[in-house]
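S.K.: Here's a structure for you.
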Amino acid sequence: MIAIIDYGINNLDSVKNAFDRLEVDSIVTSDFNIISRANGLILPGVGTAIEGMRNLKKLRIDKLLTSEVRNGKPLLGICLGMQLLMDWSEEGNVDCLGLIDGTIEKFTNKLKVPQIGWNNVKISNFELPITNQIAQNSYFYFVHSYICKPTDANIVVGTTTYGQEYCSIMKQDNIVGVQFHPEKSGKVGFQLLKNIINYFISLC
Amino acid sequence: MLTKRIIPCLDMTEGKVVKGIQFVNFRDAGDPVVLAKKYDEQGADELVFLDITATVDNRNILLDVVKRTAKEVTIPFTVGGGIRTKKDMQLVLRAGADKVGVNTGAFKRPALISECAQSFGTQCVVLSLDAKRIGNQWNVIIDGGRTDTGMSAIEWVKQAVKLGAGEILLTSIDARWYEARI
């Protein structure tokens, strides 16, 4: 069973709907017991880092998440959910979960923010099971103003260019992060979700 | 880099998709959920639903359609029509829309845009704008194509973007004779 972490922000149902369509057993929850029992965790998210961290702390899910993931439980962070995995965010100068070394910074280009729309992902690592059957430069749906800058370049699986090149898929041990919304990216997005869930199952 | 998007725009009334010409002479074009699924399968990048005769009575029908559509489609979708308050917007987002279009409600009370942008983010506030060429300029038309506000569309767009509209859905009322959106 996959736990989709409910921390009081929007966009949870679209992730749940995607798993229902993939026939993956999932539940939207903030319950400690369910999160502890789950085989894998999804941290979705639309909103700001400061609001996201405030909500996670208020529900005391921040510590639970970090301990579960450090003990090997697989986690997928989507959009803001991926950003919150980092050490610190420029958005509101807030400390985040610190599961991945690096920071979240605002786009430094002069293009419109948020970036809203379909952009392509250049995959740099096809050896991983999560990139199975994902074509090079596939388009995914993005909505964001901030980008992740992981310290370790080796964890970058895919990059996207919007005025500047940045990390749009990352993988570090049992943690996967995607900056775009796979649940809103049509067939290729669903393939990626399927790959990630299959990978999670292989870790169990 | 960002790509061009192909976005089918479905006009709805009382839970049915309709086709009209210049906002009149509507005829039934089918079930929105079935059409949405078909467009998704055919490779559309996004979808837009506009409830063109939105009233309080229609609200629940619309929310039900949004809920059912959210379960079927794999792409982002925008819902608009009759949005007057932050609460209206919240209900549509909760039902599963990714973005919400505001039109007449925002024109009559521009603070609606900033209120929604602050609560839900600029990325989900879409300014839906119907424009008609009057003399040498394009005017903003509200009330479902019925009322010419006399205001320049360009001026309204500038103001709305400042207030927090993240995207613009621009419809030319004149071009709708050809069922084209520009």
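Note on naming: chains are A, B, ... as they come in the structure tokens, residues start from 1 per chain, ligands start from 1 in the order shown.
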Would you list, as number ranges by chain, the residues of chain A that end up in helix (DSSP H, G or I) under DSSP run on this structure's backbone?
M.R.: A: 12-21, 32-37, 49-58, 61-70, 80-83, 129-131, 153-155, 182-184, 186-203
S.K.: Store the residues of this selection in a file with C-alpha atoms, as a PDB file, in the first residue's frame.
M.R.:
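What ended up in result24.pdb:
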ATOM      1  CA  LEU A  12      -3.841  15.280  -3.629  1.00  0.00           C
ATOM      2  CA  ASP A  13      -6.821  13.875  -5.479  1.00  0.00           C
ATOM      3  CA  SER A  14      -5.146  13.993  -8.876  1.00  0.00           C
ATOM      4  CA  VAL A  15      -2.351  11.791  -7.528  1.00  0.00           C
ATOM      5  CA  LYS A  16      -4.909   9.446  -5.957  1.00  0.00           C
ATOM      6  CA  ASN A  17      -6.897   9.311  -9.228  1.00  0.00           C
ATOM      7  CA  ALA A  18      -3.711   8.403 -11.114  1.00  0.00           C
ATOM      8  CA  PHE A  19      -2.959   5.506  -8.763  1.00  0.00           C
ATOM      9  CA  ASP A  20      -6.563   4.301  -8.997  1.00  0.00           C
ATOM     10  CA  ARG A  21      -6.216   4.197 -12.765  1.00  0.00           C
ATOM     11  CA  PHE A  32       1.051   7.995  11.630  1.00  0.00           C
ATOM     12  CA  ASN A  33       0.146   4.290  11.746  1.00  0.00           C
ATOM     13  CA  ILE A  34      -0.787   4.136   8.086  1.00  0.00           C
ATOM     14  CA  ILE A  35       2.333   6.053   7.056  1.00  0.00           C
ATOM     15  CA  SER A  36       4.495   3.694   9.131  1.00  0.00           C
ATOM     16  CA  ARG A  37       2.830   0.608   7.646  1.00  0.00           C
ATOM     17  CA  ALA A  49       7.831  25.781   0.630  1.00  0.00           C
ATOM     18  CA  ILE A  50       7.125  27.841   3.719  1.00  0.00           C
ATOM     19  CA  GLU A  51       3.464  26.749   3.810  1.00  0.00           C
ATOM     20  CA  GLY A  52       4.410  23.140   3.056  1.00  0.00           C
ATOM     21  CA  MET A  53       6.988  22.933   5.845  1.00  0.00           C
ATOM     22  CA  ARG A  54       4.698  24.714   8.301  1.00  0.00           C
ATOM     23  CA  ASN A  55       1.956  22.153   7.630  1.00  0.00           C
ATOM     24  CA  LEU A  56       4.297  19.157   7.840  1.00  0.00           C
ATOM     25  CA  LYS A  57       5.617  20.408  11.192  1.00  0.00           C
ATOM     26  CA  LYS A  58       2.174  21.186  12.528  1.00  0.00           C
ATOM     27  CA  ILE A  61       4.911  14.424   9.879  1.00  0.00           C
ATOM     28  CA  ASP A  62       8.313  15.974   9.122  1.00  0.00           C
ATOM     29  CA  LYS A  63      10.201  13.823  11.630  1.00  0.00           C
ATOM     30  CA  LEU A  64       8.200  10.700  10.821  1.00  0.00           C
ATOM     31  CA  LEU A  65       8.969  11.090   7.110  1.00  0.00           C
ATOM     32  CA  THR A  66      12.686  11.575   7.600  1.00  0.00           C
ATOM     33  CA  SER A  67      13.017   8.606   9.951  1.00  0.00           C
ATOM     34  CA  GLU A  68      10.951   6.288   7.722  1.00  0.00           C
ATOM     35  CA  VAL A  69      12.915   7.272   4.624  1.00  0.00           C
ATOM     36  CA  ARG A  70      16.299   7.035   6.397  1.00  0.00           C
ATOM     37  CA  LEU A  80       6.825  21.017  -4.134  1.00  0.00           C
ATOM     38  CA  GLY A  81       7.095  17.556  -2.564  1.00  0.00           C
ATOM     39  CA  MET A  82      10.455  17.065  -4.300  1.00  0.00           C
ATOM     40  CA  GLN A  83      11.650  20.510  -3.265  1.00  0.00           C
ATOM     41  CA  PRO A 129      14.447   1.050 -13.822  1.00  0.00           C
ATOM     42  CA  ILE A 130      12.521   4.315 -13.333  1.00  0.00           C
ATOM     43  CA  THR A 131      13.458   5.529 -16.827  1.00  0.00           C
ATOM     44  CA  ALA A 153      25.415  15.900  -9.469  1.00  0.00           C
ATOM     45  CA  ASN A 154      25.312  12.087  -9.584  1.00  0.00           C
ATOM     46  CA  ILE A 155      21.756  11.973  -8.270  1.00  0.00           C
ATOM     47  CA  PRO A 182       3.571  12.930 -13.800  1.00  0.00           C
ATOM     48  CA  GLU A 183      -0.098  12.500 -12.796  1.00  0.00           C
ATOM     49  CA  LYS A 184      -0.965  15.318 -15.238  1.00  0.00           C
ATOM     50  CA  GLY A 186      -0.637  11.970 -20.063  1.00  0.00           C
ATOM     51  CA  LYS A 187       0.666   8.544 -21.132  1.00  0.00           C
ATOM     52  CA  VAL A 188       4.354   9.199 -20.507  1.00  0.00           C
ATOM     53  CA  GLY A 189       3.598  10.525 -17.027  1.00  0.00           C
ATOM     54  CA  PHE A 190       1.656   7.380 -16.209  1.00  0.00           C
ATOM     55  CA  GLN A 191       4.494   5.203 -17.525  1.00  0.00           C
ATOM     56  CA  LEU A 192       6.919   7.005 -15.236  1.00  0.00           C
ATOM     57  CA  LEU A 193       4.592   6.579 -12.237  1.00  0.00           C
ATOM     58  CA  LYS A 194       4.256   2.896 -13.063  1.00  0.00           C
ATOM     59  CA  ASN A 195       8.054   2.545 -13.255  1.00  0.00           C
ATOM     60  CA  ILE A 196       8.508   4.273  -9.919  1.00  0.00           C
ATOM     61  CA  ILE A 197       5.896   2.096  -8.199  1.00  0.00           C
ATOM     62  CA  ASN A 198       7.447  -1.060  -9.683  1.00  0.00           C
ATOM     63  CA  TYR A 199      10.823   0.106  -8.419  1.00  0.00           C
ATOM     64  CA  PHE A 200       9.354   0.711  -4.952  1.00  0.00           C
ATOM     65  CA  ILE A 201       7.865  -2.797  -4.956  1.00  0.00           C
ATOM     66  CA  SER A 202      11.281  -4.227  -5.886  1.00  0.00           C
ATOM     67  CA  LEU A 203      12.740  -2.577  -2.777  1.00  0.00           C
TER      68      LEU A 203
END
S.K.: For chain B, which residues have at least one atom within 6 Å of chain A, if we go by only C-alpha atoms? Write them as JSON, numbers by chain, please.
M.R.: {"B": [1, 2, 3, 71, 74, 75, 76]}
S.K.: Give me, as a list in words, all polymer residues having an atom no more than 10 Å from B:Leu93, counting only C-alpha atoms and skipping those fewer than 2 positions away in the same chain.
M.R.: Asn10, Asn11 and Asp13 of chain A; Leu63, Val66, Lys67, Thr78, Val79, Lys87, Asp88, Met89, Gln90, Leu91, Ala95, Gly96, Ala97, Asp98, Lys99, Val100, Phe120 and Cys124 of chain B
S.K.: Quick one: residues within 6 Å of A:Asp101, only C-alpha atoms counted, chain neighbours fewer than 2 positions away excluded, as a PyMOL selection string?
M.R.: chain A and resi 86-87+150-151
S.K.: Considering only C-alpha atoms, return as JSON, numbers by chain whatever protein or nucleic-acid residues lie within 10 Å of B:Val18, sequence-local ones (same chain, fewer than 5 positions apart) excluded.
M.R.: {"B": [10, 11, 12, 13, 25, 26, 27, 28, 29, 30, 31, 32, 51, 52]}
S.K.: Can you list, as a list of chain:residue names, every protein, DNA or RNA residue that comes within 8 Å of stretch 144-160 of chain B when you count only C-alpha atoms, leaving out same-chain residues fewer than 2 positions away?
M.R.: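 Contacts, in chain order: B:Gln22, B:Phe23, B:Ile52, B:Thr53, B:Thr104, B:Pro110, B:Ile113, B:Leu127, B:Leu129, B:Asp130, B:Ala131, B:Gln137, B:Trp138, B:Asn139, B:Val140, B:Ile141, B:Ile142, B:Lys162, B:Leu163, B:Gly164, B:Ala165, B:Ile168, B:Ile173.
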S.K.: Hey, what does DSSP flag as strand (DSSP E) within stretch 9-101 of chain B? Can you give it to me as a VMD selection string?
M.R.: chain B and resid 9 to 13 16 to 21 24 to 30 47 to 51 77 to 80 99 to 101
S.K.: Would you save the residues of that selection, restricted to C-alpha atoms, as a CSV table (one decimal), in the first residue's frame?
M.R.:
chain,number,residue,atom,x,y,z
B,9,CYS,CA,-12.2,24.2,-25.0
B,10,LEU,CA,-15.6,22.8,-24.2
B,11,ASP,CA,-18.6,25.1,-23.6
B,12,MET,CA,-21.1,23.6,-21.2
B,13,THR,CA,-24.6,24.3,-20.1
B,16,LYS,CA,-23.9,19.1,-21.5
B,17,VAL,CA,-21.3,20.3,-24.0
B,18,VAL,CA,-22.8,22.8,-26.5
B,19,LYS,CA,-21.6,24.4,-29.7
B,20,GLY,CA,-22.8,27.9,-30.5
B,21,ILE,CA,-22.0,30.6,-33.0
B,24,VAL,CA,-25.9,32.0,-29.5
B,25,ASN,CA,-27.8,29.2,-31.3
B,26,PHE,CA,-26.3,26.5,-29.1
B,27,ARG,CA,-26.7,22.9,-30.1
B,28,ASP,CA,-26.0,19.8,-28.0
B,29,ALA,CA,-22.5,18.3,-28.6
B,30,GLY,CA,-22.6,15.5,-26.0
B,47,LEU,CA,-8.7,20.8,-21.4
B,48,VAL,CA,-10.9,23.8,-20.6
B,49,PHE,CA,-14.5,23.6,-19.5
B,50,LEU,CA,-16.5,26.7,-19.5
B,51,ASP,CA,-20.0,26.7,-17.9
B,77,PHE,CA,-7.8,20.9,-16.9
B,78,THR,CA,-9.3,24.4,-16.3
B,79,VAL,CA,-12.8,25.0,-15.2
B,80,GLY,CA,-14.6,28.4,-15.5
B,99,LYS,CA,-7.0,25.8,-12.6
B,100,VAL,CA,-10.0,28.0,-12.5
B,101,GLY,CA,-11.1,30.6,-15.1
S.K.: Can you pull out every residue within 7 Å of A:Gly158, counting only C-alpha atoms, but drop anything in the same chain fewer than 4 positions away, and send it as a tab-separated table (two decimals) with C-alpha atoms, in the first residue's frame?
M.R.:
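Produced file out23.tsv, reproduced below:
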chain	number	residue	atom	x	y	z
A	121	VAL	CA	13.19	16.21	-19.94
A	122	LYS	CA	16.68	15.24	-21.07
A	123	ILE	CA	17.43	11.96	-19.36
A	124	SER	CA	21.07	11.44	-18.43
A	167	CYS	CA	17.34	19.12	-12.35
A	168	SER	CA	13.84	17.81	-13.11
A	169	ILE	CA	14.25	14.15	-12.04
A	170	MET	CA	16.50	13.02	-9.20
S.K.: So what do you get for atom CA of B:Asn60 versus atom CA of B:Gly105, distance-wise?
M.R.: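 Atom CA of B:Asn60 sits 18.3 Å away from atom CA of B:Gly105.
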S.K.: Would you work out the distance separating atom CA of A:Leu97 from atom CA of A:Asp25, expressed in Å to one decimal?
M.R.: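 A separation of 26.1 Å between them.
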S.K.: Which one is closest to A:Ile27: A:Leu59, A:Asn39, A:Ile5, A:Pro44? Count only C-alpha atoms.
M.R.: A:Ile5
